[in-house]
Structure formats: C-alpha cells, structure tokens
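Worksheet: one structure, shown below.
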Amino acid sequence: MKLPDELLTIAVTGLNAIDSPGPGIAVIRSLREGLQRPLRIIGLAYETLEPGIYMHEVVDKTYQIPYPAAGTQALLNRLAYIHGKEKIDLLIPNFDAELPNFMKLAPVLQSMGIASFLPDTDMFEARDKVNLYSFGKQHDLLVPRDRIIHQVSGLHECGELFGYPLVVKGKFYDAVVAYTAEQAEKAFYKISAKWGLPIIVQEFINGTEVNIAVLGDGKGNMISAIPMRKLYITDKGKAWSGITLQDDKLLELAASFVKATRWKGGCELEIMRTAKDECYIMEINPRFPAWIYLTAAAGQNQPAALARMALGEVVKPFTGYEAGKIFVRYSWDHITDVNAFHQISGQGEL
Amino acid sequence: MYLRKNIATSENGFIFNPSTGDSFSANPVAAAILEQLKQGMTFSDIKAGLLDSYEVDPLRLERDWDEFINQLREANLLAD
Amino acid sequence: MKKTWQSPVIQKMNGGLMNKFGTRTEYEPVKHIDGVSVQSLIKEYGSPLFVLSERTLRRNYRDAYRAFSTRYPSVQFAWSYKTNYLNAVCRVFHQEGSWAEVVSGFEYQKALGNGVPGPQIIFNGPEKTNEELELAVRNGSLIHIDHFDELFQLLAITDRIPEKPRVAIRVNMDTGVYPVWDRFGFNYENGQAWDALKRIVTSGKMTLTGLHCHIGTFMLSTNAYRQAVKKLADLAWRCKTELNTPLQYLDLGGGFPSTNTLRGSFLPGTDAVPSVDEFAEAITAQLTELGYGTQDTPKLILESGRVLVDDAGYLLSTVVATKRLSDGRRATILDAGVNLLFTSFWYDHTISPAQDFTHHTEDMALFGPLCMNIDVLRQSSNLPLLNRGDQVVIHKTGAYNMTQWMQFIHMRPNVVMIDEEGNTHLIREAETLEYLQQPEKIPAHLQQPEKK
C-alpha cells in the first residue's frame with residue numbers, strides 16, 4: 001500500500017458536466033478536497049466533447065474508452081493500455097450503463113493493481129427497475145406496485161389494479177405519467193419502440209420527491225447518507241438547486257436498504273414521500289448522483305470515504321452533517337482550441 | 001483544382017477548415033498528399049512521386065486517387 | 001525500398017460519436033484456422049468456403065457433457081440435426097456419444113444412415129406422416145408427441161402393427177420469458193399436458209417413456225430453465241404417483257445460446273450470454289432441490305445444437321469490390337451473402353480480415369454478391385480498409401447456415417472439415433449446374449428454342 005503522502009492516481013468517468021450532468025467532475029472535486037494528498041486524476045471519456053476533458057485544473061489527463069456496448073474485452077484492453085502509462089491506483093466509474101462491464105472486470109483490475117469499490121452483480125440486478133417490486137417485498141421496503149408487460153393488452157389489467165394515473169416506464173430509460181387508458185397505450189408504443197420490451201407499469205405515487213446519496217461498506221454498514229430535496233429543476237427534470245435535509249426517518253430507510261442489500265459503494269435512492277408520510281423507494285441509481293459534492297459540503301465527503309475504503313482503510317460511519325446546505329448549479333463556457341479537439345478525437349488522449 | 005488556401009494541416013494528419021469549422025483526420029498517405037497539395041504541386045507531379053516512393057501499381061493509384069479527390073471535394077476542401 | 005501503400009482517406013471528426021479506441025479486438029487479422037492458413041484453404045477449395053473445426057466440435061461437446069455429468073448422474077445429449085445435418089458433423093457428435101434428435105422423416109433417415117440405433121433417435125416436430133411414425137415405432141425410437149391429432153394418429157397405428165410405441169409428450173409452459181412458445185406441444189398451465197399423459201397411459205397401447213420441453217431459442221436466462229424443470233418434474237411426479245408410471249427421462253430440449261451477438265443487443269454476445277456451465281448449474285440444482293439425482297433417477301436429456309456447433313464453423317470470403325455510398329459511407333462487397341449466411345438476419349457476425357493491414361479503420365457496410373437489396377451481412381462494422389481480392393473470415397457460422405442456406409442466384413460452395421491433426425477434408429462438394437438441374441424436367445413443347 002502507498003504511504004499517505006504519496007501520489008495517488010485515480011481514474012474517473014462521467015466527465016460530461018453538461019445540462020444533464022454526469023457525476024465525474026463533482027466526484028473529482030470531492031476527492032481533491034477530501035483526500036488531502038497529492039492526486040493525479042485520469043479522466044476516462046466516451047465522447048470527444050465531454051467538458052472535463054478540457055478542464056486541466058480538474059482532470060490531469062483524459063483517455064477515450066470504448067462504449068459499454070463494445071464489451072468487457074475491448075474495455076479491458078484499453079484500460080490495460082492506460083494503466084501501462086499511468087499506473088492507476090483506483091477507478092471510480094459513474095455511469096449506470098458502464099457499471100456491468102466494470103463490475104465484471106473488477107477482479108481482473110484488482111489483480112492488475114487497480115482498486116475499485118463496486119456493488120456485485122446480484123446487488124446490481126436486484127435493484128434494477130424490472131426487479132424493484134419483488135426486491136421491495138423481499139426486504140420489507142415500500143416500493144410502488146408494478147406489472148411487467150409484453151403486450152399492450154396488459155395495460156387493461158394494470159388500469160384495474162392501479163387506477164389512473166399510472167406510470168409507464170421503459171426497460172432502461174423514459175417514464176410517462178398516463179392519466180387515461182389512451183395515454184397509457186400511446187406511451188406503451190412510444191417507449192417500446194425506443195427501448196424495446198418489456199414495459200414496466202407502475203402505480204402512481206403522489207408526494208414530495210427526496211433523494212438520498214448513500215455510501216455502503218459492502219458489509220451491511222451505512223457509512224454515510226445525505227438526504228436532499230430539489231429546490232428547483234431544469235426542464236429535463238434535473239436538479240438545478242437542492243438543499244440538505246435532516247430527517248431520521250429518511251436515514252433509517254437508507255440504513256435498512258444498505259443492510260438488506262449489503263450495498264457496496266455509492267448509490268442514490270429516489271424517494272417519494274406521501275401525504276401520509278409513507279416513504280416509497282421509486283428508483284435506486286447504482287452510483288453517485290451528479291450532486292454528490294453537496295455531501296462533502298455538508299460534512300460527509302462520500303467520494304473521499306469511498307476512495308479510502310477501496311484502498312483498504314477502515315472507515316467509520318459518519319455522524320452528523322449540516323442541514324440547510326444548498327447547491328446552485330451553474331454553467332460556464334470553458335474555452336479551448338481546435339488542436340485540443342484534434343488531439344482527443346484523433347489520438348484518443350489529451 | 002487545388003486545396004483551399006486557408007486549410008490548416010498538422011503533422012499528425014489533422015485538417016481544419018476554418019471557413020466551415022469542420023475537422024478531419026487523414027491517414028499517412030492522405031496526409032502526405034495533402035502536404036504536397038498545400039505546396040501547390042500539380043496532381044500529376046504528386047502521382048508520379050507516389051509511384052516512385054510507394055509499392056503501388058499505376059491502376060490502383062488511379063483508382064484510389066480518384067476516390068480521394070472525390071472525398072476532398074465532398075468535404076469542401078478543394079477549390080477550382 | 002518502397003513504402004507500403006494504403007488508400008488515402010480522410011475522416012470527418014465529429015463532436016461525439018467517433019470512438020475507435022480500444023475496439024481493436026474485432027479486427028485482429030485471423031490468418032489461420034486450427035493451424036491451416038486461410039489463404040491456402042481458399043486457394044485449394046475456392047471462395048466462398050465453409051470451414052468446420054473438428055477440434056472445436058469435440059471440445060464443445062466434451063465441455064457441455066462435463067458441465068452436466070459432473071452435476072447429475074445420468075446425462076444424455078441428442079444431436080439436433082436441423083442445426084447442422086452434414087453427415088460428417090453428425091458423425092463427430094455420434095462418435096462422442098450423442099444420440100440423434102430429428103424433426104422430419106428425412107432427418108430420421110439421415111440419422112439411420114449415420115448408424116444411430118433406432119432407440120437412440122428422438123423424433124420431434126409437429127408433422128410426422130403415418131409411414132414415418134410406423135418406421136419409428138418399429139425401430140423403437142422415442143416419439144415426442146406434439147398435439148392430440150398426433151396422439152390419435154399413433155393410437156390408430158397401434159391397431160396395425162404389433163410394436164408398442166415408446167412415446168413422450170412435448171410440454172409448453174410459462175417460464176417467465178417472452179414469447180411463450182405455446183405453438184408446440186401440450187400446455188402445462190391449462191391442464192392439456194396432464195390430459196394427454198392420462199390418455200396415453202390409460203390407452204394401454206403405448207409406453208410413456210418421458211417428458212420433453214423446449215422453452216425457446218437463444219435463451220439468455222438460466223432461471224427460465226429452473227421454471228421448466230419445476231413444471232416437468234411436477235408432471236413426472238404425478239405420472240409416478242397418480243398414473244403409476246415412473247418416467248425414464250426428462251428432456252429439457254435445447255435453446256442455449258452461442259456467443260454470437262444478436263442484432264440490436266446492447267452488449268456483445270461474449271458478455272451477454274450465460275455459459276453452458278451456468279445453464280447446467282441452474283437445471284441440475286433445481287433437479288437436486290426436487291429430490292432427483294439419486295438412484296433410479298430419470299435420465300436428463302439435452303438437445304443442444306447451436307451452442308455446440310456455432311463457433312466451430314467459419315465462412316471464408318473474398319472482397320469483390322469497395323465503393324462509397326451516396327452518403328459518404330464506405331461499402332465493401334463480399335462474395336458470400338445472405339444466401340449462405342442466413343444467420344446474418346439476426347446476428348452481427350464478427351468479421352476479421354485474413355491478412356495484415358494498416359491501422360486506419362472505418363465504419364463500413366458489408367454487402368454480399370446478390371443482386372438483391374436484402375443482401376446485407378453487416379449494416380455497419382468497424383474494419384480496416386479492404387481491397388479487392390482481400391480475404392475475410394466470418395466467425396461463428398456453424399449453426400443453421402449449412403441447413404438454411406439458399407440456392408439463390410449462386411450455388412452453394414464447398415464445405416471442408418479440419419480434423420484434429422490439421423488435415424483438411426472436403427465434406428460437401430460445391431454444387432454444379434448439372435446437380436442443380438438434375439431433378440428438372442422440360443416439357444416436350446419447350447424442347448425447341450422456337451415456338452411451333
């Protein structure tokens with residue numbers, strides 16, 4: 001293991017700090033602030049215009065990596081090349097779609113000397129949208145009822161079961177609140193054309209949305225949980241501004257989730273709190289949210305804690321954080337030159 | 001037909017067209033041809049040079065040349 | 001010393017999409033198959049050319065057999081003829097110990113011709129003629145009944161011949177995957193399957209030997225097989241306890257996928273597909289859980305085809321031409337098309353150049369030689385620039401292509417097998433005009449070129 005004052009090289013994905021941002025830049029900011037040791041940050045990018053690639057004060061060097069659809073072998077080859085040049089100590093992936101590949105490669109990467117701190121495939125699958133309902137039932141967690149359907153005729157039963165409105169969801173992305181059978185049918189065709197079958201039909205839960213950034217140690221202990229309510233959202237429904245909350249019920253819910261799944265790594269619970277004060281888990285994102293720097297600002301730096309655990313340190317659960325911390329997201333036109341664009345597009349490195 | 005005056009080329013094969021904002025990458029043979037076009041050499045001089053320095057028969061060169069010039073034209077890099 | 005030539009090309013650099021880094025594995029050159037050079041194979045047998053690796057066939061079989069037999073005491077594979085019924089291929093599997101699984105009278109005859117004893121032929125499928133059934137009954141083959149009409153057809157046959165048919169029924173069921181293959185066999189959930197079993201046993205004219213299911217093809221879920229085992233085992237238990245007829249076998253059919261990549265699939269096949277070991281684990285663990293796997297346990301039969309043969313087959317092909325399409329995309333035309341590679345309708349086959357190439361690659365469409373718009377092998381594949389006369393290797397083509405290929409516009413080419421010592425054997429000759437026209441008849445009034 002490296003000494004605490006030695007240079008640590010950490011590779012991070014999700015450098016797309018755009019209007020619907022990936023978490024990478026926020027993760028790096030938390031690491032730089034929280035680890036208090038010399039860091040070299042290696043960006044891993046999929047597209048040539050991810051802003052982080054050009055932000056050299058944040059990311060030291062960026063390499064392009066193959067899209068998740070290229071598979072684990074292509075990814076491993078590329079990582080081996082990058083590792084040969086950079087000697088990566090730790091890798092933190094930040095996209096849902098790339099996680100299965102990184103999870104599969106984790107043991108190989110470990111043997112190469114690259115640490116990571118990821119959930120295993122079973123945890124990952126269990127919280128998948130398609131399995132969420134049975135997952136909730138199994139662990140006594142409140143989740144909306146749903147039906148997985150393959151044919152439009154299945155909507156009829158859902159209508160009788162859940163009433164309207166109901167939520168029509170795609171396997172990977174997209175969700176539409178349908179107020180009538182006609183709207184549900186339209187949504188079924190639209191979403192299945194884009195994301196394929198099955199379609200998930202979920203009962204509509206009315207309430208206030210709260211998100212919780214959670215870090216688990218993989219042994220059932222919750223290291224940190226910071227609840228946040230969005231104060232304002234963009235037209236894409238993303239957080240524009242949010243505030244930390246102090247609420248024991250939310251923390252207990254997060255703790256019971258971590259205990260039930262023995263969650264390893266970061267995740268985000270999307271909670272709907274009804275007028276009757278029931279807390280439904282609507283969705284579980286298996287990685288840090290884009291607003292993760294707020295956890296550091298509130299006193300529980302989750303990315304830094306994750307890095308410490310990944311490198312073998314025992315990290316004690318955080319106690320206490322500041323409620324009422326607010327983030328306000330802003331955009332900034334970073335300036336670069338066509339040569340830099342050529343460099344990353346043509347050579348895959350910058 | 002010649003390469004537009006303001007086209008920028010770099011050693012490692014990048015091309016930038018400042019009037020459209022388009023960027024291109026060229027493979028080594030294409031980069032070599034572009035460099036010579038930039039120097040104002042004629043098509044026939046460049047082709048003769050290529051036959052001298054590369055393992056290529058004249059028919060194949062003609063076929064590849066036509067396609068390459070076509071690509072340059074479509075990419076809006078040539079002017080009459 | 002002159003420098004190596006490569007066609008000069010430029011590529012537009014886009015703000016997002018371009019991404020070739022790290023994907024090089026798809027275009028490592030493949031110059032040899034089992035130690036035999038691609039170039040020499042094409043030189044000797046022509047292009048296009050199907051090549052089968054005997055070494056891979058045997059290795060696949062042994063791996064699959066080991067996966068099941070180390071987990072369950074009584075396992076039998078039956079080679080699925082329709083997947084590839086070239087006799088040489090069938091015989092490799094029979095030598096390894098495989099029975100035959102056939103779905104037509106002609107396949108049945110092929111199995112007999114390959115020396116498979118009658119009792120080791122499983123006769124599946126929705127259409128069996130009286131003659132075919134009678135032959136199968138006389139040979140003591142295992143007849144898997146598909147519907148009530150066939151059940152009564154067999155009952156009628158028992159009035160005519162002395163041998164007692166050895167039968168099983170095919171059962172269809174909901175295993176949690178979509179679509180449910182309910183067009184074959186008798187349904188489990190609505191009680192049809194149980195009715196059929198009762199009818200067979202109470203008739204006293206047939207021997208009920210087992211139960212069969214085949215829940216789908218290219219299955220990506222091992223859990224579906226667990227469900228299938230549960231439901232078959234439930235029927236088997238009721239046969240034993242309520243009909244006093246213990247069964248000799250449970251036939252779980254096939255459906256295990258190869259590592260080909262399905263079109264539109266997010267991940268490549270090698271990452272998306274469970275291994276045979278994982279399927280074996282799901283099936284045998286479920287059997288064990290239900291108390292099977294001890295003494296006098298029913299035999300577990302598997303009818304795997306695709307997973308045993310797909311990656312043992314290669315299609316070699318030669319570049320006919322390259323061109324640019326109107327939208328600027330490159331297109332490469334090969335001498336093998338969908339007439340030979342039926343599976344390109346649902347797979348993105350991996351295609352490798354068979355010679356060295358420069359590092360520059362480009363997304364290109366790969367077309368076959370047919371003068372038909374449907375003849376597309378890959379809509380888009382990232383490959384190095386190929387030139388007329390270059391050779392390519394198309395991978396994982398062993399399943400279904402050598403049975404579903406079309407004699408359309410071109411004739412079918414040679415098929416060779418490379419044995420375990422690296423010797424090459426022609427196992428099916430290229431078709432000739434004479435062969436094709438042999439069954440044709442020309443009416444007398446068309447014998448002369450001019451109309452009278």
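Chains: A, B, ... in order of the structure tokens. Residues: from 1 per chain. Ligands: from 1, in order shown.
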**Request:** Can you check which residues of chain B have any atom within 12 Å of chain C? Use only C-alpha atoms and format it as a PyMOL selection string.
**Result:** chain B and resi 9+13-17+21-34+49-58+60-77
Got a sec to pull out which chain A residues are within 8 Å of chain C, counting only C-alpha atoms, and send them as a CSV table (one decimal) with C-alpha atoms, in the first residue's frame?
```
chain,number,residue,atom,x,y,z
A,46,TYR,CA,-16.6,8.3,-24.2
A,47,GLU,CA,-17.2,11.3,-26.3
A,48,THR,CA,-14.8,14.0,-27.5
A,49,LEU,CA,-16.7,17.0,-26.2
A,64,GLN,CA,-11.1,7.8,-24.5
A,65,ILE,CA,-12.5,4.4,-23.7
A,66,PRO,CA,-14.8,2.2,-25.8
A,67,TYR,CA,-18.6,2.5,-25.4
A,68,PRO,CA,-20.1,-0.1,-23.0
A,69,ALA,CA,-21.6,-1.9,-26.0
A,70,ALA,CA,-18.1,-2.9,-27.2
A,71,GLY,CA,-18.0,-5.3,-24.3
A,72,THR,CA,-15.6,-6.2,-21.5
A,73,GLN,CA,-12.7,-7.4,-23.6
A,74,ALA,CA,-12.4,-4.1,-25.5
A,75,LEU,CA,-12.6,-2.2,-22.3
A,77,ASN,CA,-7.6,-3.9,-23.5
A,78,ARG,CA,-8.0,-0.1,-23.4
A,150,HIS,CA,-45.1,-7.5,-23.0
A,342,HIS,CA,-8.0,17.1,-32.7
A,345,SER,CA,-10.6,12.9,-31.3
A,346,GLY,CA,-7.7,11.7,-33.3
A,348,GLY,CA,-7.9,9.4,-28.0
```
**Prompt:** Skipping near chain neighbours, those fewer than 4 positions away, what residues fall within 6 Å of Leu269 of chain A using only C-alpha atoms, listed as a PyMOL selection string?
**Reply:** chain A and resi 211-212+284
All heavy atoms of the current selection, written as an mmCIF file, in the first residue's frame:
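Saved result, out20.cif, follows:
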```
data_model
loop_
_atom_site.group_PDB
_atom_site.id
_atom_site.type_symbol
_atom_site.label_atom_id
_atom_site.label_comp_id
_atom_site.auth_asym_id
_atom_site.auth_seq_id
_atom_site.Cartn_x
_atom_site.Cartn_y
_atom_site.Cartn_z
ATOM 1 N N ASN A 211 -34.214 12.884 -2.561
ATOM 2 C CA ASN A 211 -33.141 11.983 -2.984
ATOM 3 C C ASN A 211 -32.145 11.817 -1.846
ATOM 4 O O ASN A 211 -31.883 12.769 -1.112
ATOM 5 C CB ASN A 211 -32.420 12.544 -4.202
ATOM 6 C CG ASN A 211 -33.370 12.690 -5.375
ATOM 7 O OD1 ASN A 211 -34.237 11.851 -5.577
ATOM 8 N ND2 ASN A 211 -33.222 13.757 -6.125
ATOM 9 N N ILE A 212 -31.624 10.596 -1.733
ATOM 10 C CA ILE A 212 -30.619 10.364 -0.693
ATOM 11 C C ILE A 212 -29.347 9.815 -1.339
ATOM 12 O O ILE A 212 -29.402 8.800 -2.044
ATOM 13 C CB ILE A 212 -31.101 9.348 0.369
ATOM 14 C CG1 ILE A 212 -32.546 9.648 0.798
ATOM 15 C CG2 ILE A 212 -30.169 9.342 1.573
ATOM 16 C CD1 ILE A 212 -33.105 8.647 1.798
ATOM 17 N N ILE A 284 -33.543 3.174 -7.646
ATOM 18 C CA ILE A 284 -32.243 3.136 -6.974
ATOM 19 C C ILE A 284 -31.167 3.263 -8.039
ATOM 20 O O ILE A 284 -31.005 2.370 -8.873
ATOM 21 C CB ILE A 284 -32.071 1.818 -6.188
ATOM 22 C CG1 ILE A 284 -33.169 1.704 -5.121
ATOM 23 C CG2 ILE A 284 -30.682 1.757 -5.557
ATOM 24 C CD1 ILE A 284 -33.399 0.293 -4.637
#
```
**Asked** Could you work out how far atom CA of Tyr45 of chain C lies from atom CA of Val30 of chain C, giving the answer in Å with one decimal?
**Response**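 Rounded to one decimal, the two atoms are 18.1 Å apart.
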What are the closest atom pairs, with distances in Å to one decimal, for each residue of chain A lying within 12 Å of chain B, using only C-alpha atoms, rows by chain and rising residue number, as a Markdown table?
```
| residue | atom | partner | partner_atom | distance |
| --- | --- | --- | --- | --- |
| A:Asp337 | CA | B:Phe16 | CA | 11.5 |
| A:Val338 | CA | B:Phe16 | CA | 8.0 |
| A:Asn339 | CA | B:Phe14 | CA | 8.7 |
| A:Ala340 | CA | B:Phe14 | CA | 11.2 |
| A:Phe341 | CA | B:Ser23 | CA | 8.9 |
| A:His342 | CA | B:Phe14 | CA | 6.6 |
| A:Gln343 | CA | B:Phe14 | CA | 8.8 |
| A:Ile344 | CA | B:Phe14 | CA | 11.4 |
| A:Ser345 | CA | B:Ser25 | CA | 8.8 |
| A:Gly346 | CA | B:Ser25 | CA | 6.6 |
| A:Gln347 | CA | B:Asn12 | CA | 9.3 |
```
Given the selection you just returned, output its residues as a file containing N, CA and C atoms, formatted as a PDB file, in the first residue's frame.
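Contents of the output file selection.pdb:
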```pdb
ATOM      1  N   ASP A 337      -9.076  25.008 -27.682  1.00  0.00           N
ATOM      2  CA  ASP A 337      -8.612  25.279 -29.032  1.00  0.00           C
ATOM      3  C   ASP A 337      -8.831  24.061 -29.919  1.00  0.00           C
ATOM      4  N   VAL A 338      -8.922  24.274 -31.209  1.00  0.00           N
ATOM      5  CA  VAL A 338      -9.205  23.161 -32.111  1.00  0.00           C
ATOM      6  C   VAL A 338      -8.137  22.068 -32.019  1.00  0.00           C
ATOM      7  N   ASN A 339      -6.899  22.459 -31.663  1.00  0.00           N
ATOM      8  CA  ASN A 339      -5.842  21.448 -31.542  1.00  0.00           C
ATOM      9  C   ASN A 339      -6.163  20.429 -30.452  1.00  0.00           C
ATOM     10  N   ALA A 340      -6.730  20.930 -29.362  1.00  0.00           N
ATOM     11  CA  ALA A 340      -7.078  20.031 -28.266  1.00  0.00           C
ATOM     12  C   ALA A 340      -8.162  19.051 -28.723  1.00  0.00           C
ATOM     13  N   PHE A 341      -9.118  19.591 -29.466  1.00  0.00           N
ATOM     14  CA  PHE A 341     -10.177  18.738 -30.001  1.00  0.00           C
ATOM     15  C   PHE A 341      -9.601  17.678 -30.939  1.00  0.00           C
ATOM     16  N   HIS A 342      -8.646  18.097 -31.803  1.00  0.00           N
ATOM     17  CA  HIS A 342      -7.993  17.135 -32.703  1.00  0.00           C
ATOM     18  C   HIS A 342      -7.288  16.043 -31.912  1.00  0.00           C
ATOM     19  N   GLN A 343      -6.613  16.485 -30.866  1.00  0.00           N
ATOM     20  CA  GLN A 343      -5.823  15.571 -30.070  1.00  0.00           C
ATOM     21  C   GLN A 343      -6.683  14.458 -29.467  1.00  0.00           C
ATOM     22  N   ILE A 344      -7.782  14.843 -28.842  1.00  0.00           N
ATOM     23  CA  ILE A 344      -8.624  13.821 -28.206  1.00  0.00           C
ATOM     24  C   ILE A 344      -9.381  13.019 -29.255  1.00  0.00           C
ATOM     25  N   SER A 345      -9.834  13.656 -30.323  1.00  0.00           N
ATOM     26  CA  SER A 345     -10.594  12.924 -31.332  1.00  0.00           C
ATOM     27  C   SER A 345      -9.704  11.978 -32.125  1.00  0.00           C
ATOM     28  N   GLY A 346      -8.522  12.461 -32.455  1.00  0.00           N
ATOM     29  CA  GLY A 346      -7.657  11.682 -33.331  1.00  0.00           C
ATOM     30  C   GLY A 346      -6.803  10.682 -32.583  1.00  0.00           C
ATOM     31  N   GLN A 347      -6.263  11.094 -31.427  1.00  0.00           N
ATOM     32  CA  GLN A 347      -5.350  10.210 -30.700  1.00  0.00           C
ATOM     33  C   GLN A 347      -6.025   9.524 -29.517  1.00  0.00           C
TER      34      GLN A 347
END
```
**Request:** List the neighbours of Leu109 of chain A out to 10 Å using only C-alpha atoms; skip same-chain residues closer than 2 positions along the sequence, and give me the result as a list in words.
**Result:**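 So the residues in contact are Leu76, Leu79, Ala80, His83, Ile88, Asp89, Leu90, Leu91, Phe102, Met103, Lys104, Leu105, Ala106, Pro107, Ser111, Met112, Gly113, Ile114, Ala115 and Ser116 of chain A.
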**Item:** Shell around segment 390-395 of chain C at 7 Å using only C-alpha atoms, local window under 2 positions removed, as a list of chain:residue names
**Value:** C:Val30, C:Asp311, C:Gly313, C:Tyr314, C:Leu315, C:Leu316, C:Ser317, C:Thr318, C:Val319, C:His349, C:Thr350, C:Ile351, C:Ser352, C:Pro353, C:Ala354, C:Leu386, C:Asn387, C:Arg388, C:Thr397
Residues from the last selection, N, CA and C atoms, saved as an mmCIF file, in the first residue's frame:
```cif
data_model
loop_
_atom_site.group_PDB
_atom_site.id
_atom_site.type_symbol
_atom_site.label_atom_id
_atom_site.label_comp_id
_atom_site.auth_asym_id
_atom_site.auth_seq_id
_atom_site.Cartn_x
_atom_site.Cartn_y
_atom_site.Cartn_z
ATOM 1 N N VAL C 30 -7.101 -12.686 -38.751
ATOM 2 C CA VAL C 30 -7.192 -14.125 -38.479
ATOM 3 C C VAL C 30 -6.678 -14.828 -39.725
ATOM 4 N N ASP C 311 -19.604 -21.934 -33.002
ATOM 5 C CA ASP C 311 -18.258 -21.359 -33.089
ATOM 6 C C ASP C 311 -17.249 -22.321 -33.717
ATOM 7 N N GLY C 313 -17.819 -23.274 -36.777
ATOM 8 C CA GLY C 313 -17.992 -23.012 -38.200
ATOM 9 C C GLY C 313 -17.483 -21.639 -38.602
ATOM 10 N N TYR C 314 -16.786 -21.571 -39.719
ATOM 11 C CA TYR C 314 -16.287 -20.304 -40.266
ATOM 12 C C TYR C 314 -16.735 -20.205 -41.716
ATOM 13 N N LEU C 315 -16.983 -19.011 -42.155
ATOM 14 C CA LEU C 315 -17.230 -18.801 -43.576
ATOM 15 C C LEU C 315 -16.121 -17.892 -44.092
ATOM 16 N N LEU C 316 -15.358 -18.413 -45.048
ATOM 17 C CA LEU C 316 -14.284 -17.605 -45.635
ATOM 18 C C LEU C 316 -14.829 -16.928 -46.885
ATOM 19 N N SER C 317 -14.413 -15.697 -47.084
ATOM 20 C CA SER C 317 -14.956 -14.960 -48.220
ATOM 21 C C SER C 317 -13.907 -13.996 -48.758
ATOM 22 N N THR C 318 -14.139 -13.518 -49.972
ATOM 23 C CA THR C 318 -13.165 -12.656 -50.647
ATOM 24 C C THR C 318 -13.839 -11.346 -51.040
ATOM 25 N N VAL C 319 -13.075 -10.256 -50.940
ATOM 26 C CA VAL C 319 -13.620 -8.945 -51.295
ATOM 27 C C VAL C 319 -13.737 -8.827 -52.811
ATOM 28 N N HIS C 349 -22.488 -10.772 -37.089
ATOM 29 C CA HIS C 349 -21.349 -11.683 -37.095
ATOM 30 C C HIS C 349 -20.037 -10.902 -37.023
ATOM 31 N N THR C 350 -19.098 -11.423 -36.249
ATOM 32 C CA THR C 350 -17.758 -10.830 -36.239
ATOM 33 C C THR C 350 -17.045 -11.219 -37.534
ATOM 34 N N ILE C 351 -16.451 -10.237 -38.169
ATOM 35 C CA ILE C 351 -15.758 -10.482 -39.433
ATOM 36 C C ILE C 351 -14.333 -9.965 -39.303
ATOM 37 N N SER C 352 -13.355 -10.834 -39.560
ATOM 38 C CA SER C 352 -11.949 -10.436 -39.426
ATOM 39 C C SER C 352 -11.261 -10.512 -40.779
ATOM 40 N N PRO C 353 -10.382 -9.545 -41.063
ATOM 41 C CA PRO C 353 -9.554 -9.673 -42.258
ATOM 42 C C PRO C 353 -8.601 -10.855 -42.072
ATOM 43 N N ALA C 354 -8.221 -11.484 -43.180
ATOM 44 C CA ALA C 354 -7.339 -12.643 -43.093
ATOM 45 C C ALA C 354 -5.906 -12.278 -43.452
ATOM 46 N N LEU C 386 -10.397 -2.497 -46.797
ATOM 47 C CA LEU C 386 -10.157 -3.737 -47.512
ATOM 48 C C LEU C 386 -10.106 -3.440 -49.004
ATOM 49 N N ASN C 387 -9.316 -4.222 -49.702
ATOM 50 C CA ASN C 387 -9.199 -4.029 -51.147
ATOM 51 C C ASN C 387 -9.678 -5.268 -51.873
ATOM 52 N N ARG C 388 -10.014 -5.072 -53.125
ATOM 53 C CA ARG C 388 -10.441 -6.194 -53.959
ATOM 54 C C ARG C 388 -9.430 -7.333 -53.837
ATOM 55 N N THR C 397 -20.360 -19.412 -37.570
ATOM 56 C CA THR C 397 -21.367 -19.621 -38.612
ATOM 57 C C THR C 397 -21.788 -21.085 -38.702
#
```
**Request:** Compare A:Glu283, A:Asp128, A:Asp248, A:Asp217 by their minimum atom-to-atom distance to Gly320 of chain A, counting only C-alpha atoms, and give me the closest one.
**Result:**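 Of the candidates, the smallest distance to Gly320 of chain A is held by A:Asp248.
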**Message:** So the first atom is atom CA of Thr322 of chain C and the second is atom CA of Gly389 of chain C; what is the distance between them in Å, to one decimal place?
**Reply:**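 Separating atom CA of Thr322 of chain C from atom CA of Gly389 of chain C is a distance of 10.4 Å.
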**Item:** alpha helix (DSSP H) residues, from DSSP on the backbone, in segment 86-205 of chain A, as JSON, numbers by chain
**Value:** {"A": [86, 99, 100, 101, 102, 103, 104, 105, 106, 107, 108, 109, 110, 111, 112, 121, 122, 123, 124, 125, 126, 132, 133, 134, 135, 136, 137, 138, 139, 154, 155, 156, 157, 158, 159, 160, 161, 162, 181, 182, 183, 184, 185, 186, 187, 188, 189, 190, 191, 192, 193, 194, 195]}
**Request:** Write out as a list in words which residues come within 10 Å of Lys190 of chain A when counting only C-alpha atoms, dropping same-chain ones fewer than 6 positions away.
**Result:**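 Once the nearby chain positions are removed, what remains is Gly170, Asp174, Val176, Ala184 and Gly196 of chain A.
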Selection above as a file: N, CA and C atoms, as an mmCIF file, in the first residue's frame:
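For reference, again_35.cif as written:
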```
data_model
loop_
_atom_site.group_PDB
_atom_site.id
_atom_site.type_symbol
_atom_site.label_atom_id
_atom_site.label_comp_id
_atom_site.auth_asym_id
_atom_site.auth_seq_id
_atom_site.Cartn_x
_atom_site.Cartn_y
_atom_site.Cartn_z
ATOM 1 N N GLY A 170 -39.948 2.577 -19.462
ATOM 2 C CA GLY A 170 -39.125 1.749 -20.342
ATOM 3 C C GLY A 170 -38.144 0.926 -19.527
ATOM 4 N N ASP A 174 -36.812 6.454 -19.700
ATOM 5 C CA ASP A 174 -38.118 7.009 -20.045
ATOM 6 C C ASP A 174 -39.215 6.558 -19.091
ATOM 7 N N VAL A 176 -43.474 7.844 -18.375
ATOM 8 C CA VAL A 176 -44.560 8.764 -18.712
ATOM 9 C C VAL A 176 -45.690 8.544 -17.710
ATOM 10 N N ALA A 184 -51.897 5.859 -21.843
ATOM 11 C CA ALA A 184 -51.040 4.726 -21.459
ATOM 12 C C ALA A 184 -50.665 3.927 -22.696
ATOM 13 N N GLY A 196 -37.567 -1.043 -26.461
ATOM 14 C CA GLY A 196 -37.902 -2.465 -26.533
ATOM 15 C C GLY A 196 -38.808 -2.899 -25.390
#
```
**Asked** Do you know which residues are at most 10 Å from Phe148 of chain C counting only C-alpha atoms, after dropping those on the same chain fewer than 4 positions away, and could you put them as a list in words?
**Response**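 The contact residues come out as Phe152, Gln153, Leu154, Ile169, Gly185, Phe186, Gln192, Ala193, Asp195, Ala196 and Arg199 of chain C.
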**Prompt:** What separation in Å, quoted to one decimal, exists between atom CA of Trp240 of chain A and atom CA of Ile326 of chain A?
**Reply:** 10.6 Å
